[in-house]
file start.pdb (PDB, C-alpha atoms)
ATOM      1  CA  MET A 297       0.000   0.000   0.000
ATOM      2  CA  ASP A 298       1.135   3.590  -0.609
ATOM      3  CA  SER A 299      -1.458   5.533   1.451
ATOM      4  CA  THR A 300      -4.060   4.943  -1.292
ATOM      5  CA  VAL A 301      -6.175   2.002  -2.384
ATOM      6  CA  ASN A 302      -5.434   2.597  -6.047
ATOM      7  CA  ASP A 303      -4.122   0.000  -8.467
ATOM      8  CA  ILE A 304      -0.448   0.920  -8.938
ATOM      9  CA  SER A 305      -0.026  -1.581 -11.797
ATOM     10  CA  GLY A 306      -1.627   0.892 -14.166
ATOM     11  CA  SER A 307      -4.534  -1.426 -14.996
ATOM     12  CA  GLY A 308      -7.050   0.943 -13.423
ATOM     13  CA  HIS A 309      -8.585  -1.512 -10.931
ATOM     14  CA  ASN A 310      -8.760   1.090  -8.165
ATOM     15  CA  GLY A 311     -10.410   0.195  -4.882
ATOM     16  CA  HIS A 312     -12.910   1.909  -2.605
ATOM     17  CA  ALA A 313     -11.991   2.084   1.078
ATOM     18  CA  ASN A 314     -14.558   1.180   3.721
ATOM     19  CA  ASN A 315     -13.807   1.527   7.449
ATOM     20  CA  ILE A 316     -10.063   0.958   7.112
ATOM     21  CA  VAL A 317      -7.411   3.005   8.930
ATOM     22  CA  ALA A 318      -3.907   3.875   7.722
ATOM     23  CA  ALA A 319      -1.262   1.955   9.666
ATOM     24  CA  PRO A 320       2.465   1.189   9.506
ATOM     25  CA  GLY A 321       3.353  -1.400   6.887
ATOM     26  CA  ALA A 322       5.817  -4.251   7.143
ATOM     27  CA  ASP A 323       8.623  -1.725   6.690
ATOM     28  CA  GLY A 324       7.403   0.219   9.726
ATOM     29  CA  VAL A 325       6.512   3.284   7.651
ATOM     30  CA  ALA A 326       3.221   4.942   8.612
ATOM     31  CA  GLY A 327       0.601   4.736   5.862
ATOM     32  CA  HIS A 328       2.208   1.791   4.082
ATOM     33  CA  GLY A 329      -0.518  -0.487   5.391
ATOM     34  CA  TYR A 330      -4.194  -0.427   6.349
ATOM     35  CA  TYR A 331      -5.769  -1.766   9.512
ATOM     36  CA  PHE A 332      -8.915  -3.885   9.083
ATOM     37  CA  ASN A 333     -11.065  -4.112  12.203
ATOM     38  CA  GLY A 334     -12.326  -7.699  11.863
ATOM     39  CA  SER A 335     -15.917  -6.501  11.543
ATOM     40  CA  ASN A 336     -16.864  -4.203   8.667
ATOM     41  CA  SER A 337     -13.575  -3.094   7.109
ATOM     42  CA  PHE A 338     -12.947  -3.857   3.450
ATOM     43  CA  ILE A 339     -11.677  -2.561   0.136
ATOM     44  CA  GLY A 340     -14.052  -3.081  -2.768
ATOM     45  CA  VAL A 341     -12.823  -3.313  -6.351
ATOM     46  CA  PRO A 342     -15.426  -2.944  -9.126
ATOM     47  CA  ALA A 343     -16.068  -5.904 -11.420
ATOM     48  CA  SER A 344     -13.956  -6.297 -14.543
ATOM     49  CA  PRO A 345     -13.691  -8.939 -17.294
ATOM     50  CA  ALA A 346      -9.970  -9.023 -16.413
ATOM     51  CA  PHE A 347     -10.914 -10.921 -13.243
ATOM     52  CA  ASN A 348     -12.141 -13.864 -15.322
ATOM     53  CA  VAL A 349      -9.056 -16.066 -15.166
ATOM     54  CA  GLN A 350      -8.360 -19.752 -15.681
ATOM     55  CA  LYS A 351      -5.287 -19.747 -13.470
ATOM     56  CA  TYR A 352      -4.089 -17.239 -10.928
ATOM     57  CA  THR A 353      -1.667 -16.092  -8.257
ATOM     58  CA  ILE A 354      -2.677 -14.039  -5.217
ATOM     59  CA  CYS A 355       0.162 -12.426  -3.265
ATOM     60  CA  SER A 356      -0.362 -10.639   0.030
ATOM     61  CA  ARG A 357       1.686  -9.147   2.839
ATOM     62  CA  VAL A 358      -0.377  -9.304   6.015
ATOM     63  CA  LYS A 359      -0.112  -9.038   9.787
ATOM     64  CA  VAL A 360      -2.793 -11.181  11.442
ATOM     65  CA  MET A 361      -4.157  -9.656  14.651
ATOM     66  CA  GLY A 362      -7.270 -11.746  15.265
ATOM     67  CA  TYR A 363      -9.364 -14.654  14.027
ATOM     68  CA  TYR A 364     -13.004 -14.872  12.996
ATOM     69  CA  SER A 365     -14.818 -17.386  15.215
ATOM     70  CA  GLY A 366     -18.254 -17.256  13.561
ATOM     71  CA  ASN A 367     -19.746 -19.666  11.046
ATOM     72  CA  CYS A 368     -16.998 -21.705   9.349
ATOM     73  CA  GLN A 369     -14.205 -19.421  10.637
ATOM     74  CA  PHE A 370     -12.731 -18.233   7.331
ATOM     75  CA  ASN A 371     -10.778 -14.956   7.319
ATOM     76  CA  THR A 372     -10.831 -13.148   3.971
ATOM     77  CA  ILE A 373      -7.683 -11.732   2.428
ATOM     78  CA  LEU A 374      -9.082 -11.394  -1.109
ATOM     79  CA  THR A 375     -12.154 -12.894  -2.703
ATOM     80  CA  ARG A 376     -13.640 -12.595  -6.162
ATOM     81  CA  GLY A 377     -17.387 -12.949  -5.623
ATOM     82  CA  LYS A 378     -18.678 -15.315  -2.973
ATOM     83  CA  MET A 379     -16.159 -17.489  -1.168
ATOM     84  CA  GLY A 380     -16.528 -21.081  -2.253
ATOM     85  CA  THR A 381     -19.551 -20.753  -4.546
ATOM     86  CA  GLY A 382     -20.113 -19.202  -7.931
ATOM     87  CA  VAL A 383     -18.599 -19.892 -11.335
ATOM     88  CA  GLY A 384     -15.442 -17.863 -11.919
ATOM     89  CA  ASN A 385     -14.870 -17.145  -8.245
ATOM     90  CA  TYR A 386     -11.697 -17.693  -6.200
ATOM     91  CA  PHE A 387     -10.217 -16.502  -2.949
ATOM     92  CA  ALA A 388      -7.204 -16.349  -0.624
ATOM     93  CA  ALA A 389      -7.857 -16.633   3.100
ATOM     94  CA  PHE A 390      -6.879 -18.418   6.290
ATOM     95  CA  PHE A 391      -8.925 -20.702   8.517
ATOM     96  CA  ASP A 392      -8.581 -23.186  11.344
ATOM     97  CA  ASN A 393     -10.262 -26.454  10.323
ATOM     98  CA  SER A 394     -13.063 -28.023   8.312
ATOM     99  CA  ASP A 395     -15.542 -27.896  11.212
ATOM    100  CA  CYS A 396     -17.938 -24.972  10.691
ATOM    101  CA  THR A 397     -18.893 -24.973  14.378
ATOM    102  CA  GLY A 398     -15.600 -25.828  16.089
ATOM    103  CA  PHE A 399     -13.099 -22.971  16.460
ATOM    104  CA  ASP A 400      -9.372 -23.402  17.172
ATOM    105  CA  SER A 401      -7.166 -20.324  16.754
ATOM    106  CA  THR A 402      -4.003 -22.427  17.235
ATOM    107  CA  THR A 403      -4.387 -24.179  13.865
ATOM    108  CA  GLU A 404      -4.941 -21.212  11.535
ATOM    109  CA  CYS A 405      -3.312 -21.680   8.118
ATOM    110  CA  PHE A 406      -3.232 -19.731   4.855
ATOM    111  CA  MET A 407      -4.958 -21.275   1.838
ATOM    112  CA  THR A 408      -6.555 -20.620  -1.543
ATOM    113  CA  GLN A 409      -9.467 -22.137  -3.401
ATOM    114  CA  THR A 410     -11.713 -21.739  -6.398
ATOM    115  CA  GLU A 411     -15.464 -22.334  -6.154
ATOM    116  CA  PHE A 412     -16.489 -25.445  -4.195
ATOM    117  CA  ARG A 413     -16.701 -27.588  -7.325
ATOM    118  CA  SER A 414     -12.944 -27.893  -6.640
ATOM    119  CA  TYR A 415     -13.189 -28.355  -2.891
ATOM    120  CA  ILE A 416      -9.902 -29.211  -1.221
ATOM    121  CA  ALA A 417      -9.090 -30.890   2.074
ATOM    122  CA  PRO A 418      -8.012 -28.606   4.922
ATOM    123  CA  PRO A 419      -4.489 -27.476   4.044
ATOM    124  CA  PHE A 420      -3.058 -27.740   7.534
ATOM    125  CA  TYR A 421       0.670 -27.284   8.034
ATOM    126  CA  THR A 422       3.005 -26.309  10.835
ATOM    127  CA  PRO A 423       3.912 -23.906  12.187
ATOM    128  CA  ALA A 424       0.448 -22.322  12.156
ATOM    129  CA  ILE A 425      -0.126 -18.562  12.002
ATOM    130  CA  VAL A 426       1.250 -16.556  14.934
ATOM    131  CA  SER A 427      -0.632 -13.374  15.857
ATOM    132  CA  ASN A 428       1.006  -9.980  15.279
ATOM    133  CA  THR A 429       3.533 -11.435  12.851
ATOM    134  CA  TRP A 430       4.082 -10.241   9.290
ATOM    135  CA  TYR A 431       3.632 -12.848   6.571
ATOM    136  CA  ASN A 432       4.325 -12.813   2.848
ATOM    137  CA  VAL A 433       1.788 -15.220   1.349
ATOM    138  CA  VAL A 434       1.660 -16.475  -2.240
ATOM    139  CA  SER A 435      -1.237 -18.674  -3.352
ATOM    140  CA  THR A 436      -1.348 -20.184  -6.844
ATOM    141  CA  PHE A 437      -3.735 -22.330  -8.886
ATOM    142  CA  ASN A 438      -3.005 -23.725 -12.365
ATOM    143  CA  ASP A 439      -6.333 -25.615 -12.846
ATOM    144  CA  THR A 440      -4.789 -28.756 -11.356
ATOM    145  CA  VAL A 441      -2.682 -27.888  -8.303
ATOM    146  CA  TYR A 442      -3.021 -25.385  -5.460
ATOM    147  CA  LYS A 443       0.189 -24.135  -3.836
ATOM    148  CA  THR A 444       0.670 -21.908  -0.814
ATOM    149  CA  PHE A 445       4.008 -20.274  -0.002
ATOM    150  CA  VAL A 446       4.477 -18.564   3.361
ATOM    151  CA  ASN A 447       7.519 -16.354   3.912
ATOM    152  CA  GLY A 448       9.297 -17.940   0.991
ATOM    153  CA  VAL A 449       8.599 -21.559   1.955
ATOM    154  CA  LEU A 450       6.201 -23.912   0.136
ATOM    155  CA  MET A 451       3.829 -24.925   2.944
ATOM    156  CA  ASN A 452       1.082 -26.765   1.073
ATOM    157  CA  THR A 453       0.470 -28.461  -2.266
ATOM    158  CA  THR A 454      -2.949 -29.926  -3.093
ATOM    159  CA  THR A 455      -3.773 -31.696  -6.363
ATOM    160  CA  LEU A 456      -7.421 -31.776  -7.394
ATOM    161  CA  SER A 457      -9.063 -35.177  -7.800
ATOM    162  CA  VAL A 458     -10.782 -33.879 -10.959
ATOM    163  CA  PRO A 459      -8.399 -31.343 -12.527
ATOM    164  CA  GLY A 460      -8.759 -29.263 -15.643
ATOM    165  CA  ILE A 461     -12.338 -28.040 -15.174
ATOM    166  CA  PRO A 462     -12.639 -24.474 -16.562
ATOM    167  CA  MET A 463     -13.209 -21.858 -13.867
ATOM    168  CA  GLY A 464     -15.782 -20.073 -16.005
ATOM    169  CA  THR A 465     -16.687 -16.396 -15.955
ATOM    170  CA  SER A 466     -18.790 -14.030 -13.880
ATOM    171  CA  THR A 467     -19.509 -10.350 -13.345
ATOM    172  CA  ASP A 468     -18.629 -10.405  -9.641
ATOM    173  CA  SER A 469     -16.425  -7.791  -8.012
ATOM    174  CA  ILE A 470     -13.421  -8.264  -5.736
ATOM    175  CA  SER A 471     -13.436  -7.629  -2.009
ATOM    176  CA  ILE A 472     -10.378  -7.378   0.237
ATOM    177  CA  GLY A 473     -10.704  -8.019   3.976
ATOM    178  CA  LEU A 474     -14.379  -9.056   3.979
ATOM    179  CA  SER A 475     -16.534 -11.416   1.918
ATOM    180  CA  THR A 476     -19.092  -8.719   1.148
ATOM    181  CA  MET A 477     -21.279 -10.945  -1.031
ATOM    182  CA  ASP A 478     -21.621 -13.486   1.808
ATOM    183  CA  VAL A 479     -22.496 -11.018   4.577
ATOM    184  CA  ALA A 480     -26.274 -11.257   4.099
ATOM    185  CA  ALA A 481     -26.155 -15.042   4.401
ATOM    186  CA  GLY A 482     -24.284 -14.815   7.706
ATOM    187  CA  TYR A 483     -20.793 -15.619   6.445
ATOM    188  CA  PRO A 484     -18.876 -12.332   6.437
ATOM    189  CA  TYR A 485     -15.434 -13.899   7.023
ATOM    190  CA  PRO A 486     -13.789 -10.636   8.140
ATOM    191  CA  PHE A 487     -10.038 -10.057   8.367
ATOM    192  CA  LYS A 488      -8.516  -8.466  11.467
ATOM    193  CA  GLY A 489      -5.050  -7.041  11.110
ATOM    194  CA  VAL A 490      -2.952  -5.005   8.704
ATOM    195  CA  ILE A 491      -2.628  -5.508   4.964
ATOM    196  CA  ASP A 492       0.463  -4.007   3.376
ATOM    197  CA  ASP A 493       0.272  -5.367  -0.170
ATOM    198  CA  ILE A 494      -2.093  -7.273  -2.484
ATOM    199  CA  LEU A 495      -1.239  -8.553  -5.967
ATOM    200  CA  LEU A 496      -3.448 -10.562  -8.339
ATOM    201  CA  TYR A 497      -1.960 -12.209 -11.441
ATOM    202  CA  ASP A 498      -3.750 -14.010 -14.258
ATOM    203  CA  ARG A 499      -0.857 -16.462 -14.403
ATOM    204  CA  VAL A 500       0.915 -18.819 -12.024
ATOM    205  CA  LEU A 501       4.137 -17.396 -10.638
ATOM    206  CA  THR A 502       7.069 -19.765 -10.834
ATOM    207  CA  ASP A 503       8.262 -21.322  -7.599
ATOM    208  CA  SER A 504      11.302 -19.031  -7.697
ATOM    209  CA  GLU A 505       9.113 -15.950  -8.119
ATOM    210  CA  SER A 506       6.889 -17.130  -5.277
ATOM    211  CA  VAL A 507       9.851 -17.705  -2.985
ATOM    212  CA  HIS A 508      11.184 -14.217  -3.648
ATOM    213  CA  TYR A 509       7.909 -12.323  -3.170
ATOM    214  CA  GLY A 510       8.755  -9.746  -0.528
ATOM    215  CA  ASP A 511      12.361 -10.990  -0.495
ATOM    216  CA  THR A 512      11.691 -12.886   2.709
ATOM    217  CA  CYS A 513      14.412 -15.380   1.893
ATOM    218  CA  GLY A 514      16.758 -13.039   0.091
ATOM    219  CA  ARG A 515      18.485 -13.972  -3.115
ATOM    220  CA  ILE A 516      21.820 -14.605  -4.770
ATOM    221  CA  THR A 517      23.420 -11.190  -5.202
ATOM    222  CA  SER A 518      26.535 -12.251  -7.122
ATOM    223  CA  GLU A 519      26.818 -15.295  -9.371
ATOM    224  CA  PRO A 520      30.021 -17.302  -9.875
ATOM    225  CA  VAL A 521      31.516 -17.084 -13.355
ATOM    226  CA  SER A 522      33.196 -19.625 -15.594
ATOM    227  CA  VAL A 523      36.996 -19.559 -15.522
ATOM    228  CA  HIS A 524      39.846 -20.345 -17.919
ATOM    229  CA  THR A 525      42.829 -21.843 -16.140
ATOM    230  CA  ALA A 526      45.941 -23.863 -16.935
ATOM    231  CA  VAL A 527      46.692 -27.346 -15.682
ATOM    232  CA  GLY A 528      48.535 -27.145 -12.380
ATOM    233  CA  SER A 529      47.171 -23.739 -11.424
ATOM    234  CA  THR A 530      44.653 -22.696  -8.785
ATOM    235  CA  CYS A 531      41.204 -21.238  -9.505
ATOM    236  CA  SER A 532      38.069 -20.370  -7.598
ATOM    237  CA  PHE A 533      34.329 -19.844  -7.970
ATOM    238  CA  THR A 534      32.633 -17.284  -5.686
ATOM    239  CA  THR A 535      29.053 -16.308  -4.941
ATOM    240  CA  THR A 536      27.339 -13.927  -2.520
ATOM    241  CA  THR A 537      23.818 -13.827  -1.099
ATOM    242  CA  ASN A 538      21.702 -11.763   1.276
ATOM    243  CA  PHE A 539      20.176 -14.885   2.862
ATOM    244  CA  MET A 540      20.165 -14.760   6.648
ATOM    245  CA  ASN A 541      22.610 -17.377   8.040
ATOM    246  CA  PRO A 542      23.349 -18.970   4.657
ATOM    247  CA  VAL A 543      24.572 -22.550   4.301
ATOM    248  CA  TYR A 544      26.652 -23.227   1.174
ATOM    249  CA  ARG A 545      27.111 -26.533  -0.657
ATOM    250  CA  TRP A 546      29.241 -26.643  -3.817
ATOM    251  CA  GLN A 547      28.606 -29.343  -6.401
ATOM    252  CA  GLN A 548      30.435 -30.682  -9.452
ATOM    253  CA  ASN A 549      29.192 -32.270 -12.672
ATOM    254  CA  THR A 550      31.767 -34.198 -14.696
ATOM    255  CA  GLY A 551      29.171 -35.464 -17.153
ATOM    256  CA  SER A 552      26.856 -37.710 -15.174
ATOM    257  CA  GLY A 553      25.040 -35.186 -12.984
ATOM    258  CA  PHE A 554      25.797 -32.924 -10.035
ATOM    259  CA  THR A 555      27.191 -34.378  -6.808
ATOM    260  CA  ASN A 556      28.307 -32.716  -3.572
ATOM    261  CA  LEU A 557      32.010 -31.972  -3.246
ATOM    262  CA  THR A 558      33.948 -32.983  -0.145
ATOM    263  CA  ALA A 559      36.620 -30.917   1.572
ATOM    264  CA  THR A 560      39.575 -32.956   0.327
ATOM    265  CA  LEU A 561      42.296 -31.855  -2.084
ATOM    266  CA  PRO A 562      42.122 -30.393  -4.585
ATOM    267  CA  TYR A 563      38.929 -28.833  -3.207
ATOM    268  CA  SER A 564      38.580 -26.390  -0.324
ATOM    269  CA  GLY A 565      35.767 -24.086   0.739
ATOM    270  CA  VAL A 566      33.099 -26.570  -0.360
ATOM    271  CA  THR A 567      30.749 -25.256   2.360
ATOM    272  CA  SER A 568      31.699 -21.585   2.052
ATOM    273  CA  ASN A 569      30.775 -18.915  -0.466
ATOM    274  CA  SER A 570      34.054 -19.478  -2.357
ATOM    275  CA  LEU A 571      35.170 -22.815  -3.815
ATOM    276  CA  THR A 572      38.896 -23.187  -4.495
ATOM    277  CA  ILE A 573      40.494 -25.838  -6.719
ATOM    278  CA  THR A 574      44.223 -26.226  -6.111
ATOM    279  CA  GLY A 575      46.390 -27.940  -8.683
ATOM    280  CA  VAL A 576      43.945 -28.281 -11.561
ATOM    281  CA  THR A 577      44.436 -31.439 -13.624
ATOM    282  CA  SER A 578      43.360 -32.068 -17.209
ATOM    283  CA  ALA A 579      40.552 -34.274 -15.897
ATOM    284  CA  PHE A 580      38.832 -31.182 -14.458
ATOM    285  CA  ILE A 581      38.720 -29.256 -17.734
ATOM    286  CA  GLY A 582      35.103 -29.070 -18.890
ATOM    287  CA  SER A 583      33.655 -29.829 -15.448
ATOM    288  CA  GLN A 584      30.698 -27.760 -14.277
ATOM    289  CA  TYR A 585      30.229 -26.211 -10.838
ATOM    290  CA  ARG A 586      27.339 -24.667  -8.943
ATOM    291  CA  CYS A 587      26.438 -23.792  -5.358
ATOM    292  CA  ILE A 588      23.201 -24.582  -3.511
ATOM    293  CA  ILE A 589      22.434 -22.036  -0.780
ATOM    294  CA  THR A 590      19.982 -22.791   2.018
ATOM    295  CA  ASN A 591      19.232 -21.752   5.578
ATOM    296  CA  SER A 592      17.431 -23.134   8.605
ATOM    297  CA  TRP A 593      14.191 -21.312   7.635
ATOM    298  CA  GLY A 594      13.720 -23.577   4.623
ATOM    299  CA  CYS A 595      14.909 -21.016   2.064
ATOM    300  CA  ALA A 596      16.867 -22.352  -0.913
ATOM    301  CA  ASP A 597      18.411 -21.071  -4.126
ATOM    302  CA  THR A 598      20.927 -22.340  -6.660
ATOM    303  CA  THR A 599      23.591 -20.371  -8.517
ATOM    304  CA  ASN A 600      24.168 -20.451 -12.230
ATOM    305  CA  THR A 601      26.120 -23.407 -13.588
ATOM    306  CA  ASP A 602      29.699 -22.464 -14.535
ATOM    307  CA  THR A 603      32.462 -24.309 -16.328
ATOM    308  CA  LEU A 604      36.187 -24.769 -15.812
ATOM    309  CA  PHE A 605      37.836 -24.196 -19.199
ATOM    310  CA  SER A 606      41.396 -24.522 -20.429
ATOM    311  CA  PRO A 607      43.185 -21.213 -21.101
ATOM    312  CA  VAL A 608      41.986 -19.221 -24.095
ATOM    313  CA  GLY A 609      43.921 -20.312 -27.171
ATOM    314  CA  VAL A 610      44.964 -23.640 -25.669
ATOM    315  CA  ILE A 611      43.530 -26.751 -27.310
TER     316      ILE A 611
END

call {"tool": "encode", "arguments": {"input": "start.pdb", "output": "structure tokens"}}
result
Amino acid sequence: MDSTVNDISGSGHNGHANNIVAAPGADGVAGHGYYFNGSNSFIGVPASPAFNVQKYTICSRVKVMGYYSGNCQFNTILTRGKMGTGVGNYFAAFFDNSDCTGFDSTTECFMTQTEFRSYIAPPFYTPAIVSNTWYNVVSTFNDTVYKTFVNGVLMNTTTLSVPGIPMGTSTDSISIGLSTMDVAAGYPYPFKGVIDDILLYDRVLTDSESVHYGDTCGRITSEPVSVHTAVGSTCSFTTTTNFMNPVYRWQQNTGSGFTNLTATLPYSGVTSNSLTITGVTSAFIGSQYRCIITNSWGCADTTNTDTLFSPVGVI
């Protein structure tokens, strides 16, 4: 958010604010988020044919500050039309379980779904949502598989038992923070907390794009490069990342696939950001190298693949 509820993509899908209050966003800057009161706060976005999609991604940056305990206990992040019913409708939300009368705030999980013709089992995972914590959430659907990424980690994958059914079209609007079209039936599904960002794509983001939404995990900031070196010399491959507490693992491919290197000569630094090869032999020429970077949060990324060449002009 940027202190407005306008569509900054340039597509003109501007929202209308209802009972929301400017609040600090995930960056701590006042006005970069909006507080939703868990009762009657929402942003309405007028209907558009652009919302008729056959696959989608919904990204959101949210701080959860409460949980709806009424009928069926859903909490709306974004919904197109009614939640769970209606051709062409889809939503991103969080809820506690599949019991419409039993409420358990300790099992709240993020999820996405199209209309109930594609009903999915409760997408429970651990750890569950923790109140007053910022989350970057990416939910995707490709007509066959639902995926939910939370803070850069794939938390749930659900494959439909009957995939490939067209989502269809409708003239329904979009509502953020409240299922406005379900209010009259007694299923308002309000959101309580702060929303900093909402993105809706008519395509499925790649896993890498999903992981990097909000840069929760960080990314590789400097790739290693291929090197030309003579037999008997020493060379190195180096990478950098802004991962928190990165763990490095260098790998080699001599023609039959990548395998982990061990810290024995001629290799050193196999678990650091810089791999060194001392005393290159002719057997290494043409070998490929890459580094897999992970951390204890479940983040992961892989560098480009680079090659050890003989010196330029040497055959």

call {"tool": "resolve_selection", "arguments": {"input": "start.pdb", "expression": "the PyMOL selection byres ((chain A and resi 376) around 7)", "output": "PyMOL selection string"}}
result
chain A and resi 374-375+377-378+385-387+468-471

call {"tool": "atom_distance", "arguments": {"input": "start.pdb", "atom1": "atom CA of Tyr442 of chain A", "atom2": "atom CA of Pro459 of chain A"}}
result
10.7 Å

call {"tool": "resolve_selection", "arguments": {"input": "start.pdb", "expression": "the PyMOL selection byres ((chain A and resi 576-586) around 8)", "output": "list in words"}}
result
Pro520, Thr525, Ala526, Val527, Gly528, Ser529, Thr530, Cys531, Trp546, Gln547, Gln548, Asn549, Thr550, Gly551, Pro562, Ile573, Thr574, Gly575, Cys587, Ile588, Thr598, Thr599, Asn600, Thr601, Asp602, Thr603, Leu604, Phe605 and Ser606 of chain A

call {"tool": "resolve_selection", "arguments": {"input": "start.pdb", "expression": "the PyMOL selection byres ((chain A and resi 564) around 12)", "output": "MDAnalysis selection string"}}
result
chainID A and resid 530:533 545:546 557:563 565:575

call {"tool": "atom_distance", "arguments": {"input": "start.pdb", "atom1": "atom CA of Tyr431 of chain A", "atom2": "atom CA of Cys355 of chain A"}}
result
10.4 Å

call {"tool": "closest_residue", "arguments": {"input": "start.pdb", "among": "A:Ser522, A:Gly448, A:Pro484, A:Ser552", "to": "Phe539 of chain A", "atoms": "all atoms listed in the file"}}
result
A:Gly448

call {"tool": "residues_around", "arguments": {"input": "start.pdb", "residues": "Asn452 of chain A", "least_positions_apart": "2", "cutoff": "8 Å", "atoms": "all atoms listed in the file", "output": "JSON list (two decimals) with C-alpha atoms, in the frame of the given file"}}
result
[["chain", "number", "residue", "atom", "x", "y", "z"],
["A", 419, "PRO", "CA", -4.49, -27.48, 4.04],
["A", 420, "PHE", "CA", -3.06, -27.74, 7.53],
["A", 421, "TYR", "CA", 0.67, -27.28, 8.03],
["A", 442, "TYR", "CA", -3.02, -25.38, -5.46],
["A", 443, "LYS", "CA", 0.19, -24.14, -3.84],
["A", 444, "THR", "CA", 0.67, -21.91, -0.81],
["A", 445, "PHE", "CA", 4.01, -20.27, 0.00],
["A", 450, "LEU", "CA", 6.20, -23.91, 0.14],
["A", 454, "THR", "CA", -2.95, -29.93, -3.09]]

call {"tool": "atom_distance", "arguments": {"input": "start.pdb", "atom1": "atom CA of Gly553 of chain A", "atom2": "atom CA of His508 of chain A"}}
result
26.8 Å

call {"tool": "residues_around", "arguments": {"input": "start.pdb", "residues": "Ile354 of chain A", "least_positions_apart": "5", "cutoff": "9 Å", "atoms": "all atoms listed in the file", "output": "ChimeraX atom specification"}}
result
/A:374,387-388,408,433-436,494-497

call {"tool": "residues_around", "arguments": {"input": "start.pdb", "residues": "Ala322 of chain A", "least_positions_apart": "3", "cutoff": "9 Å", "atoms": "all atoms listed in the file", "output": "compact mmCIF listing (two decimals) with C-alpha atoms, in the coordinates of the input"}}
result
# COMPACT_ATOMS: atom_id res chain seq x y z
CA VAL A 325 6.51 3.28 7.65
CA HIS A 328 2.21 1.79 4.08
CA GLY A 329 -0.52 -0.49 5.39
CA ARG A 357 1.69 -9.15 2.84
CA VAL A 358 -0.38 -9.30 6.02
CA LYS A 359 -0.11 -9.04 9.79
CA TRP A 430 4.08 -10.24 9.29
CA TYR A 431 3.63 -12.85 6.57
CA VAL A 490 -2.95 -5.00 8.70
CA ILE A 491 -2.63 -5.51 4.96
CA ASP A 492 0.46 -4.01 3.38

call {"tool": "closest_residue", "arguments": {"input": "start.pdb", "among": "A:Thr410, A:Thr555, A:Thr517, A:Ser356", "to": "Thr537 of chain A", "atoms": "all atoms listed in the file"}}
result
A:Thr517

call {"tool": "residues_around", "arguments": {"input": "start.pdb", "residues": "Asp392 of chain A", "least_positions_apart": "4", "cutoff": "8 Å", "atoms": "only C-alpha atoms", "output": "list in words"}}
result
Gln369, Phe370, Phe399, Asp400, Ser401, Thr402, Thr403, Glu404 and Cys405 of chain A

call {"tool": "write_last_selection", "arguments": {"input": "start.pdb", "atoms": "C-alpha atoms", "output": "PDB file, in the frame of the given file"}}
result
ATOM      1  CA  GLN A 369     -14.205 -19.421  10.637  1.00  0.00           C
ATOM      2  CA  PHE A 370     -12.731 -18.233   7.331  1.00  0.00           C
ATOM      3  CA  PHE A 399     -13.099 -22.971  16.460  1.00  0.00           C
ATOM      4  CA  ASP A 400      -9.372 -23.402  17.172  1.00  0.00           C
ATOM      5  CA  SER A 401      -7.166 -20.324  16.754  1.00  0.00           C
ATOM      6  CA  THR A 402      -4.003 -22.427  17.235  1.00  0.00           C
ATOM      7  CA  THR A 403      -4.387 -24.179  13.865  1.00  0.00           C
ATOM      8  CA  GLU A 404      -4.941 -21.212  11.535  1.00  0.00           C
ATOM      9  CA  CYS A 405      -3.312 -21.680   8.118  1.00  0.00           C
TER      10      CYS A 405
END
